[in-house]
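Peer 1: If it helps, the file is called final_21.csv and holds CSV, C-alpha atoms:
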chain,number,residue,atom,x,y,z
A,152,MET,CA,38.6,41.4,174.1
A,153,THR,CA,36.8,38.2,173.0
A,154,MET,CA,37.1,36.4,169.8
A,155,PRO,CA,34.4,37.4,167.3
A,156,ASP,CA,31.7,34.9,166.1
A,157,PRO,CA,32.8,33.6,162.7
A,158,MET,CA,29.2,33.8,161.5
A,159,LEU,CA,29.3,37.6,161.8
A,160,ALA,CA,32.3,38.0,159.5
A,161,PRO,CA,30.3,37.7,156.2
A,162,LEU,CA,28.0,40.5,157.4
A,163,ALA,CA,30.9,42.7,158.4
A,164,LEU,CA,32.5,41.9,155.0
A,165,ALA,CA,29.3,43.1,153.3
A,166,VAL,CA,29.4,46.4,155.1
A,167,ALA,CA,33.1,46.8,154.3
A,168,LEU,CA,32.3,46.1,150.6
A,169,LEU,CA,29.7,48.9,150.8
A,170,VAL,CA,32.2,51.3,152.2
A,171,PHE,CA,34.7,50.1,149.5
A,172,VAL,CA,32.2,50.9,146.8
A,173,PHE,CA,31.1,54.3,148.2
A,174,ALA,CA,34.7,55.4,148.9
A,175,ASP,CA,35.2,55.5,145.1
A,176,MET,CA,34.6,59.2,144.9
A,177,PRO,CA,36.8,62.0,143.4
A,178,VAL,CA,39.7,63.0,145.7
A,179,ALA,CA,39.3,66.4,147.1
A,180,ARG,CA,42.0,68.9,146.1
A,181,HIS,CA,42.9,69.7,149.8
A,182,ARG,CA,43.8,66.0,150.4
A,183,VAL,CA,46.2,66.1,147.5
A,184,THR,CA,47.9,69.3,148.5
A,185,ARG,CA,48.0,68.1,152.1
A,186,LEU,CA,49.8,64.9,151.1
A,187,ALA,CA,52.2,66.9,148.9
A,188,ALA,CA,52.9,69.3,151.7
A,189,ARG,CA,53.8,66.5,154.1
A,190,HIS,CA,56.6,65.6,151.8
A,191,GLY,CA,57.6,69.0,150.5
A,192,LEU,CA,56.3,68.4,147.0
A,193,THR,CA,54.7,70.8,144.6
A,194,VAL,CA,51.7,69.4,142.8
A,195,THR,CA,52.2,69.6,139.1
A,196,VAL,CA,50.6,68.0,136.0
A,197,ASP,CA,53.0,65.0,136.4
A,198,SER,CA,52.8,64.5,140.1
A,199,GLY,CA,49.1,65.3,140.6
A,200,PRO,CA,47.6,62.2,138.9
A,201,GLN,CA,50.2,60.0,140.7
A,202,LEU,CA,49.1,61.4,144.1
A,203,ILE,CA,45.4,61.1,143.2
A,204,ALA,CA,45.7,57.5,142.0
A,205,TYR,CA,47.5,56.7,145.3
A,206,LEU,CA,44.9,58.4,147.4
A,207,VAL,CA,42.1,56.6,145.6
A,208,VAL,CA,43.5,53.2,146.3
A,209,THR,CA,44.6,53.7,149.8
A,210,ARG,CA,41.5,55.5,150.9
A,211,ARG,CA,39.2,52.8,149.6
A,212,TRP,CA,41.1,49.9,151.2
A,213,ARG,CA,42.0,51.5,154.5
A,214,ALA,CA,38.4,52.8,155.0
A,215,ALA,CA,36.9,49.4,154.0
A,216,GLY,CA,39.3,47.7,156.5
A,217,ALA,CA,38.5,50.0,159.3
A,218,ALA,CA,34.7,49.6,158.5
A,219,PHE,CA,35.1,45.8,158.6
A,220,GLY,CA,36.7,45.9,162.0
A,221,CYS,CA,34.2,48.3,163.5
A,222,THR,CA,31.2,46.4,162.0
A,223,LEU,CA,32.5,43.0,163.2
A,224,TYR,CA,32.8,44.3,166.8
A,225,ALA,CA,29.4,46.1,166.6
A,226,LEU,CA,27.6,43.0,165.3
A,227,GLN,CA,29.2,41.0,168.0
A,228,GLY,CA,27.9,43.5,170.6
A,229,LEU,CA,24.4,43.5,169.0
A,230,ALA,CA,24.3,39.7,169.2
A,231,GLU,CA,24.8,40.2,173.0
A,232,GLN,CA,22.2,43.0,172.9
A,233,ARG,CA,24.5,45.9,173.5
A,234,LEU,CA,25.9,48.7,171.4
A,235,ALA,CA,29.6,48.3,171.1
A,236,PHE,CA,32.6,50.0,169.5
A,237,SER,CA,36.2,48.9,169.7
A,238,ILE,CA,39.2,51.1,168.7
A,239,VAL,CA,41.3,47.9,168.6
A,240,TYR,CA,39.1,46.3,166.0
A,241,ALA,CA,39.0,49.6,164.0
A,242,VAL,CA,42.9,49.8,164.1
A,243,ALA,CA,43.2,46.1,163.2
A,244,GLY,CA,40.9,46.7,160.2
A,245,TRP,CA,42.9,49.8,159.2
A,246,PHE,CA,46.1,47.8,159.3
A,247,ALA,CA,44.6,45.0,157.2
A,248,GLY,CA,43.2,47.6,154.8
A,249,ALA,CA,46.7,49.2,154.6
A,250,LEU,CA,48.2,45.9,153.8
A,251,LEU,CA,45.7,45.2,151.0
A,252,ALA,CA,46.2,48.7,149.6
A,253,GLU,CA,49.9,48.0,149.2
A,254,VAL,CA,49.2,44.7,147.5
A,255,ARG,CA,46.9,46.6,145.1
A,256,LEU,CA,49.5,49.3,144.5
A,257,ALA,CA,52.3,46.7,143.8
A,258,HIS,CA,50.3,45.4,140.9
A,259,ARG,CA,50.0,48.9,139.3
A,260,THR,CA,53.7,49.5,138.7
A,261,SER,CA,55.7,47.7,136.0
A,262,PRO,CA,59.5,47.6,135.6
A,263,ARG,CA,61.1,50.0,133.2
A,264,PRO,CA,64.5,49.7,131.4
A,265,ALA,CA,66.0,52.3,133.8
A,266,ALA,CA,66.8,52.6,137.5
A,267,LEU,CA,68.0,55.2,139.9
A,268,LEU,CA,71.2,54.0,141.7
A,269,VAL,CA,69.9,55.0,145.1
A,270,ARG,CA,69.3,52.4,147.8
A,271,ARG,CA,65.8,52.4,149.1
A,272,THR,CA,65.8,51.9,152.9
A,273,SER,CA,63.4,52.7,155.7
A,274,GLU,CA,66.0,55.3,156.9
A,275,ARG,CA,65.3,57.2,153.7
A,276,TYR,CA,61.5,57.1,154.0
A,277,LEU,CA,60.8,57.3,157.8
A,278,PRO,CA,61.8,59.7,160.5
A,279,PRO,CA,64.0,58.1,163.3
A,280,PRO,CA,61.2,57.9,166.0
A,281,LEU,CA,58.9,56.0,163.6
A,282,ARG,CA,61.7,53.6,162.6
A,283,ALA,CA,62.2,52.8,166.3
A,284,ALA,CA,58.5,52.7,167.2
A,285,LEU,CA,57.6,49.2,165.9
A,286,PRO,CA,60.6,47.3,167.2
A,287,LEU,CA,60.3,49.0,170.6
A,288,SER,CA,56.6,48.2,170.9
A,289,VAL,CA,57.1,44.6,169.9
A,290,ALA,CA,60.0,44.2,172.4
A,291,THR,CA,57.9,45.8,175.1
A,292,CYS,CA,54.9,43.6,174.3
A,293,LEU,CA,57.0,40.4,174.3
A,294,ALA,CA,58.8,41.4,177.6
A,295,LEU,CA,55.5,42.1,179.3
A,296,ALA,CA,54.1,38.8,178.1
A,297,ALA,CA,57.1,37.0,179.6
A,298,ILE,CA,56.6,38.9,182.9
A,299,THR,CA,52.8,38.3,182.9
A,300,VAL,CA,53.0,34.5,182.6
A,301,THR,CA,55.4,34.4,185.5
A,302,THR,CA,53.0,36.2,187.9
A,303,PRO,CA,50.1,34.3,189.6
A,304,ALA,CA,47.5,36.5,187.9
A,305,GLY,CA,49.2,35.9,184.5
A,306,SER,CA,49.3,32.2,184.8
A,307,GLN,CA,45.5,32.2,184.9
A,308,ALA,CA,45.3,34.2,181.8
A,309,GLY,CA,47.6,32.1,179.6
A,310,ALA,CA,45.2,31.9,176.6
A,311,ARG,CA,44.8,35.7,176.6
A,312,VAL,CA,48.5,36.3,176.8
A,313,ALA,CA,49.0,33.8,174.0
A,314,LEU,CA,46.4,35.7,171.9
A,315,TRP,CA,48.1,39.1,172.4
A,316,THR,CA,51.6,37.7,171.9
A,317,GLY,CA,50.5,35.8,168.8
A,318,THR,CA,48.8,39.0,167.5
A,319,ALA,CA,52.0,41.0,168.2
A,320,VAL,CA,54.2,38.5,166.4
A,321,LEU,CA,51.8,38.2,163.4
A,322,VAL,CA,51.4,42.0,163.1
A,323,SER,CA,55.2,42.6,163.2
A,324,VAL,CA,55.9,39.9,160.6
A,325,LEU,CA,53.1,41.2,158.3
A,326,ALA,CA,54.4,44.8,158.7
A,327,TRP,CA,58.0,43.7,158.0
A,328,VAL,CA,56.9,41.9,154.8
A,329,ALA,CA,54.8,44.8,153.7
A,330,ARG,CA,57.5,47.3,154.3
A,331,ARG,CA,59.9,45.2,152.3
A,332,ARG,CA,57.4,45.0,149.4
A,333,VAL,CA,56.9,48.8,149.5
A,334,LEU,CA,60.7,49.3,149.3
A,335,LEU,CA,61.1,46.8,146.5
A,336,ARG,CA,58.2,48.1,144.4
A,337,PRO,CA,59.6,49.1,141.0
A,338,GLN,CA,60.0,52.8,140.2
A,339,PRO,CA,57.6,54.3,137.7
A,340,PRO,CA,59.0,55.6,134.4
A,341,GLY,CA,59.3,59.3,134.2
A,342,PRO,CA,61.2,62.5,134.9
A,343,PRO,CA,62.8,63.3,138.3
A,344,GLU,CA,59.6,64.9,139.4
A,345,VAL,CA,57.7,61.6,139.0
A,346,LEU,CA,60.4,59.8,140.9
A,347,ALA,CA,60.2,62.3,143.8
A,348,THR,CA,56.5,61.8,143.9
A,349,ASP,CA,57.0,58.0,144.0
A,350,ASP,CA,59.4,58.5,146.9
A,351,ALA,CA,56.8,60.5,148.7
A,352,ILE,CA,54.1,57.8,148.1
A,353,ARG,CA,56.5,55.1,149.4
A,354,SER,CA,57.2,57.2,152.5
A,355,ARG,CA,53.4,57.7,153.1
A,356,SER,CA,52.8,54.0,152.7
A,357,LEU,CA,55.5,53.2,155.3
A,358,HIS,CA,54.1,55.8,157.6
A,359,ALA,CA,50.6,54.3,157.5
A,360,LEU,CA,51.8,50.7,157.9
A,361,THR,CA,54.2,51.5,160.7
A,362,ALA,CA,51.6,53.7,162.5
A,363,SER,CA,48.8,51.1,162.3
A,364,ALA,CA,51.0,48.2,163.3
A,365,THR,CA,52.6,50.2,166.2
A,366,THR,CA,49.1,51.3,167.4
A,367,LEU,CA,48.0,47.6,167.5
A,368,MET,CA,51.1,46.7,169.4
A,369,LEU,CA,50.5,49.5,171.9
A,370,TYR,CA,47.0,48.0,172.6
A,371,CYS,CA,48.7,44.6,173.2
A,372,VAL,CA,51.0,46.4,175.7
A,373,LEU,CA,48.1,48.1,177.4
A,374,ASP,CA,46.2,44.8,177.8
A,375,GLU,CA,49.2,43.2,179.3
A,376,LEU,CA,49.8,46.1,181.6
A,377,ALA,CA,46.1,45.7,182.7
A,378,ARG,CA,46.8,41.9,183.3
A,379,LEU,CA,49.9,42.7,185.3
A,380,SER,CA,48.2,45.4,187.5
A,381,ALA,CA,45.1,43.2,188.2
A,382,GLY,CA,44.8,42.5,191.9
A,383,GLN,CA,47.6,44.9,192.8
A,384,ALA,CA,47.2,48.6,192.5
A,385,SER,CA,44.4,48.1,190.0
A,386,GLU,CA,42.3,51.1,190.9
A,387,ALA,CA,45.2,53.5,190.7
A,388,LEU,CA,46.3,52.2,187.3
A,389,ALA,CA,42.8,51.8,185.8
A,390,VAL,CA,42.3,55.5,185.0
A,391,PRO,CA,45.7,56.0,183.3
A,392,LEU,CA,45.2,52.8,181.3
A,393,VAL,CA,41.7,53.8,180.1
A,394,VAL,CA,43.0,57.3,179.2
A,395,ALA,CA,45.9,55.8,177.3
A,396,GLY,CA,43.6,53.4,175.5
A,397,LEU,CA,41.0,55.9,174.5
A,398,VAL,CA,43.1,59.0,173.9
A,399,VAL,CA,46.9,58.7,174.0
A,400,VAL,CA,47.3,55.6,171.8
A,401,PRO,CA,44.8,56.7,169.1
A,402,LEU,CA,46.4,60.2,169.0
A,403,ALA,CA,49.9,58.7,168.9
A,404,GLY,CA,48.8,56.5,166.0
A,405,TRP,CA,47.3,59.4,164.1
A,406,ARG,CA,50.3,61.5,164.7
A,407,MET,CA,52.6,58.8,163.4
A,408,ALA,CA,50.5,58.2,160.3
A,409,THR,CA,50.4,61.9,159.4
A,410,SER,CA,53.9,63.1,160.4
A,411,PRO,CA,55.6,65.0,157.7
A,412,TRP,CA,58.9,63.7,156.2
A,413,ARG,CA,60.9,65.1,153.4
A,414,VAL,CA,62.6,62.2,151.5
A,415,PRO,CA,66.2,63.1,150.9
A,416,THR,CA,67.0,63.6,147.2
A,417,ALA,CA,69.5,61.3,145.5
A,418,ALA,CA,72.1,64.1,145.3
A,419,ALA,CA,71.8,64.7,149.1
A,420,GLN,CA,72.7,61.2,150.0
B,70,MET,CA,72.9,58.4,138.6
B,71,ILE,CA,70.5,56.4,136.4
B,72,ILE,CA,71.2,53.1,134.8
B,73,GLU,CA,69.5,52.5,131.5
B,74,LEU,CA,69.2,49.2,129.7
B,75,ASP,CA,69.0,48.9,125.9
B,76,PRO,CA,66.8,45.8,125.2
B,77,ASP,CA,68.0,45.8,121.6
B,78,SER,CA,71.7,45.9,122.4
B,79,PRO,CA,73.7,42.7,121.7
B,80,THR,CA,75.5,43.4,125.0
B,81,PRO,CA,73.9,41.2,127.7
B,82,PRO,CA,72.1,43.1,130.5
B,83,TYR,CA,74.5,42.1,133.2
B,84,GLU,CA,77.4,43.6,131.1
B,85,GLN,CA,75.4,46.8,130.5
B,86,ILE,CA,74.8,47.2,134.2
B,87,ARG,CA,78.4,46.4,135.1
B,88,GLY,CA,79.8,48.8,132.4
B,89,GLN,CA,77.6,51.7,133.5
B,90,ILE,CA,78.3,51.4,137.2
B,91,ALA,CA,82.0,51.0,136.5
B,92,ALA,CA,82.0,54.1,134.3
B,93,MET,CA,80.2,56.1,137.1
B,94,ILE,CA,82.7,54.9,139.7
B,95,ARG,CA,85.7,55.7,137.5
B,96,SER,CA,84.3,59.2,136.6
B,97,GLY,CA,83.7,60.0,140.2
B,98,ALA,CA,79.9,60.3,139.8
B,99,LEU,CA,79.6,57.5,142.4
B,100,PRO,CA,82.1,58.5,145.1
B,101,ALA,CA,83.7,56.0,147.5
B,102,LYS,CA,81.5,54.5,150.2
B,103,THR,CA,78.3,55.2,148.3
B,104,ARG,CA,75.9,52.4,149.0
B,105,LEU,CA,74.5,50.8,145.9
B,106,PRO,CA,71.0,49.5,145.7
B,107,THR,CA,70.4,45.9,146.8
B,108,ILE,CA,70.5,43.3,144.1
B,109,ARG,CA,66.8,42.6,144.6
B,110,GLN,CA,65.9,46.3,144.3
B,111,LEU,CA,67.8,46.8,141.1
B,112,ALA,CA,66.4,43.6,139.7
B,113,ALA,CA,62.9,44.7,140.6
B,114,ASP,CA,63.3,48.1,139.1
B,115,LEU,CA,64.8,46.8,135.8
B,116,GLY,CA,62.6,43.8,135.6
B,117,LEU,CA,65.5,41.4,135.5
B,118,ALA,CA,66.3,38.2,137.3
B,119,VAL,CA,68.2,38.6,140.6
B,120,ASN,CA,71.0,36.4,139.2
B,121,THR,CA,71.6,38.8,136.3
B,122,VAL,CA,72.2,41.8,138.7
B,123,ALA,CA,74.1,39.6,141.1
B,124,ARG,CA,76.5,38.7,138.3
B,125,SER,CA,77.2,42.4,137.5
B,126,TYR,CA,77.9,43.0,141.2
B,127,ARG,CA,80.2,40.0,141.4
B,128,GLU,CA,82.2,41.3,138.4
B,129,LEU,CA,82.4,44.8,139.9
B,130,GLU,CA,83.7,43.2,143.1
B,131,ALA,CA,86.2,41.1,141.2
B,132,ALA,CA,87.5,44.4,139.6
B,133,ARG,CA,87.8,45.8,143.1
B,134,LEU,CA,85.4,48.6,142.3
B,135,VAL,CA,82.9,47.7,144.9
B,136,VAL,CA,83.0,45.9,148.2
B,137,THR,CA,80.2,43.7,149.5
B,138,ARG,CA,79.9,43.1,153.3
B,139,VAL,CA,77.2,41.3,155.2
B,140,ARG,CA,74.6,43.7,156.7
B,141,HIS,CA,76.3,46.7,154.9
B,142,GLY,CA,75.4,45.7,151.4
B,143,THR,CA,77.4,46.7,148.4
B,144,THR,CA,79.4,50.0,148.6
B,145,VAL,CA,81.8,51.7,146.2
B,146,ALA,CA,85.3,50.7,147.1
B,147,GLU,CA,87.7,53.3,148.5
B,148,ARG,CA,90.8,52.1,146.8
B,149,LYS,CA,91.3,52.8,143.1
B,150,PRO,CA,91.6,49.7,141.1
B,151,ASP,CA,95.1,48.6,140.6
B,152,LEU,CA,95.3,48.6,136.8
B,153,SER,CA,98.6,48.5,135.0
B,154,ARG,CA,99.3,51.0,132.3
B,155,THR,CA,98.7,48.3,129.7
B,156,GLU,CA,95.3,47.5,131.2
B,157,VAL,CA,94.3,51.1,131.3
B,158,LEU,CA,95.3,51.5,127.6
B,159,ALA,CA,93.4,48.4,126.7
B,160,THR,CA,90.2,49.5,128.5
B,161,LEU,CA,90.5,52.9,126.8
B,162,ASP,CA,91.0,51.3,123.4
B,163,THR,CA,87.8,49.2,123.9
B,164,ALA,CA,85.8,52.3,125.0
B,165,ALA,CA,87.2,54.3,122.1
B,166,ARG,CA,86.3,51.6,119.5
B,167,ALA,CA,82.8,51.4,120.9
B,168,TYR,CA,82.4,55.2,120.7
B,169,ARG,CA,83.7,55.3,117.2
B,170,ALA,CA,81.4,52.5,116.1
B,171,ALA,CA,78.4,54.4,117.6
B,172,ALA,CA,79.4,57.6,115.8
B,173,ARG,CA,79.8,55.8,112.5
B,174,GLU,CA,76.4,54.3,113.0
B,175,LEU,CA,75.0,57.7,113.4
B,176,GLY,CA,76.8,59.0,110.3
B,177,VAL,CA,78.9,61.4,112.4
B,178,SER,CA,82.4,62.4,111.4
B,179,LEU,CA,85.4,61.8,113.6
B,180,ASP,CA,85.8,65.6,114.2
B,181,GLU,CA,82.2,65.9,115.3
B,182,ALA,CA,82.5,62.8,117.6
B,183,VAL,CA,85.7,64.3,119.2
B,184,HIS,CA,83.9,67.7,119.6
B,185,ALA,CA,80.9,66.0,121.3
B,186,LEU,CA,83.4,64.3,123.7
B,187,ARG,CA,85.0,67.6,124.5
B,188,GLN,CA,81.6,69.2,125.0
B,189,VAL,CA,80.6,66.5,127.6
B,190,ASP,CA,83.9,67.1,129.4
B,191,ARG,CA,83.3,70.8,129.5
B,192,ASP,CA,79.7,70.2,130.8
B,193,ASP,CA,80.9,67.9,133.5
B,194,THR,CA,83.6,70.3,134.6
B,195,ARG,CA,81.0,73.1,134.8
B,196,ASP,CA,78.6,70.9,136.8
B,197,GLY,CA,81.4,70.0,139.2
B,198,VAL,CA,81.6,66.3,138.4
B,199,THR,CA,85.0,65.1,139.8
B,200,ARG,CA,87.2,62.8,137.9
B,201,ASP,CA,90.4,60.9,138.4
Do you think you could lay out the structure here as structure tokens?
Peer 2:
Amino acid sequence: MTMPDPMLAPLALAVALLVFVFADMPVARHRVTRLAARHGLTVTVDSGPQLIAYLVVTRRWRAAGAAFGCTLYALQGLAEQRLAFSIVYAVAGWFAGALLAEVRLAHRTSPRPAALLVRRTSERYLPPPLRAALPLSVATCLALAAITVTTPAGSQAGARVALWTGTAVLVSVLAWVARRRVLLRPQPPGPPEVLATDDAIRSRSLHALTASATTLMLYCVLDELARLSAGQASEALAVPLVVAGLVVVPLAGWRMATSPWRVPTAAAQ
Amino acid sequence: MIIELDPDSPTPPYEQIRGQIAAMIRSGALPAKTRLPTIRQLAADLGLAVNTVARSYRELEAARLVVTRVRHGTTVAERKPDLSRTEVLATLDTAARAYRAAARELGVSLDEAVHALRQVDRDDTRDGVTRD
């Protein structure tokens, strides 16, 4: 991965803006029911508008983010007279879009003179494997970076290792801050049904943030594995690494982002 | 298990929070070891300053109704508060006066107020709410 030309960023931003504008379309009914089904909700007159408003915001920002990442890399390729696509850039854009969507959603809720006495933690909103995914991938990434710099091949790629390690740290910090903001977002006023929908929305946001951040981390891990294997059994490891980068990691990311989770009710806690 | 604030009440918000949580703990609606929301969460939900909620929690802790531990947060205490008979009667008297004042404000007779209290007790028993 090479650093993009800063001159290409405004152009990519323009494409992202176009996607942002064109993504402002009515939300299809099946998307709403699918979101509700993932959290065991029934779509009603109260919860429907809440789910639609959430999907409108998140779809626009996440799509625009992914488009920005893809376009930036494609323009960089075109400048070098080649057609190029990078999943890493797309995922990075998706993650940035997910962060911005959460900032946007945070401005939509206002405090009310009532609060449910239930502690909002990631244990409540994420399944155990997803809770462990990000810390594990960060730890792996940092451990591999430490190993890489001690090897002869790694010492020659110090800048690259620093780039990946810096990315890993930055992404984990941003994901942690965003997760905290999602958990602290005030509850909307309304009956228990509205609160249950709000819980589902919070859970879905945490799924998307964790999935995009973990996927980025896994690409950092793959790059470091490639560094480590360079010059050793490189040919034997090349195919598994490419398959992992093109198929396994994107599928794992998608699976994490869309995994169902029924948020426990207050009474069940 | 919902806390509601009355912005028009002369009772300060920290006291409203403290009073409602204390009542829930004493009635058994909040059983021992229940983890309460973080101070920041409750402050964000109610649109209050963090210090206001922190003061409520501090007072609940002083009354030995909750326990705050690092990394565990605030949980409902297991032990019942050691109130003397005089303190119990004094607390009951305060609550009764507040209830009577509210009933008077609504223009409700004493019999009707007592009937409403009995009705609440019957409903709670039916719904399985435990009490001391």
Peer 1: Wanna dump the stretch 122-190 of chain B-stretch 261-280 of chain A contacts at 12 Å for me, each residue with its shortest atom pair and the distance in Å to one decimal, counting only C-alpha atoms, ordered by chain and number, as a Markdown table?
Peer 2:
| residue | atom | partner | partner_atom | distance |
| --- | --- | --- | --- | --- |
| B:His141 | CA | A:Arg270 | CA | 11.5 |
| B:Gly142 | CA | A:Arg270 | CA | 9.7 |
| B:Thr143 | CA | A:Arg270 | CA | 9.9 |
| B:Thr144 | CA | A:Arg270 | CA | 10.4 |
| B:Val145 | CA | A:Leu268 | CA | 11.7 |
Peer 1: For the interface of chain B with chain A (cut-off 6 Å, counting all atoms listed in the file), please tabulate each contacting residue of chain B alongside its nearest pair of atoms and their separation in Å to one decimal, rows sorted by chain and increasing number, as JSON lines.
Peer 2:
{"residue": "B:Met70", "atom": "CA", "partner": "A:Leu268", "partner_atom": "CA", "distance": 5.6}
{"residue": "B:Ile71", "atom": "CA", "partner": "A:Leu267", "partner_atom": "CA", "distance": 4.5}
{"residue": "B:Ile72", "atom": "CA", "partner": "A:Ala266", "partner_atom": "CA", "distance": 5.2}
{"residue": "B:Glu73", "atom": "CA", "partner": "A:Ala265", "partner_atom": "CA", "distance": 4.2}
{"residue": "B:Leu74", "atom": "CA", "partner": "A:Pro264", "partner_atom": "CA", "distance": 5.0}
{"residue": "B:Leu105", "atom": "CA", "partner": "A:Arg270", "partner_atom": "CA", "distance": 5.8}
{"residue": "B:Pro106", "atom": "CA", "partner": "A:Arg270", "partner_atom": "CA", "distance": 4.0}
{"residue": "B:Gln110", "atom": "CA", "partner": "A:Leu335", "partner_atom": "CA", "distance": 5.3}
{"residue": "B:Ala113", "atom": "CA", "partner": "A:Pro337", "partner_atom": "CA", "distance": 5.5}
{"residue": "B:Asp114", "atom": "CA", "partner": "A:Pro337", "partner_atom": "CA", "distance": 4.3}
{"residue": "B:Leu115", "atom": "CA", "partner": "A:Pro264", "partner_atom": "CA", "distance": 5.3}
{"residue": "B:Gly116", "atom": "CA", "partner": "A:Pro262", "partner_atom": "CA", "distance": 4.9}
Peer 1: Please write the residues from the selection above to a file, keeping C-alpha atoms, as a PDB file, in the coordinates of the input.
Peer 2:
ATOM      1  CA  MET B  70      72.900  58.400 138.600  1.00  0.00           C
ATOM      2  CA  ILE B  71      70.500  56.400 136.400  1.00  0.00           C
ATOM      3  CA  ILE B  72      71.200  53.100 134.800  1.00  0.00           C
ATOM      4  CA  GLU B  73      69.500  52.500 131.500  1.00  0.00           C
ATOM      5  CA  LEU B  74      69.200  49.200 129.700  1.00  0.00           C
ATOM      6  CA  LEU B 105      74.500  50.800 145.900  1.00  0.00           C
ATOM      7  CA  PRO B 106      71.000  49.500 145.700  1.00  0.00           C
ATOM      8  CA  GLN B 110      65.900  46.300 144.300  1.00  0.00           C
ATOM      9  CA  ALA B 113      62.900  44.700 140.600  1.00  0.00           C
ATOM     10  CA  ASP B 114      63.300  48.100 139.100  1.00  0.00           C
ATOM     11  CA  LEU B 115      64.800  46.800 135.800  1.00  0.00           C
ATOM     12  CA  GLY B 116      62.600  43.800 135.600  1.00  0.00           C
TER      13      GLY B 116
END
Peer 1: Would you mind listing what lies within 6 Å of A:Phe219 as an MDAnalysis selection string, with all atoms listed in the file counted and same-chain residues fewer than 4 positions away left out?
Peer 2: chainID A and resid 163:164 167 223
Peer 1: Give me, please, the distance in Å between atom CA of A:Ala351 and atom CA of A:His181, quoted to one decimal.
Peer 2: 16.7 Å
Peer 1: To one decimal place, how far is atom CA of B:Arg95 from atom CA of B:Leu111 in Å?
Peer 2: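 For atom CA of B:Arg95 relative to atom CA of B:Leu111, the distance reads 20.3 Å.
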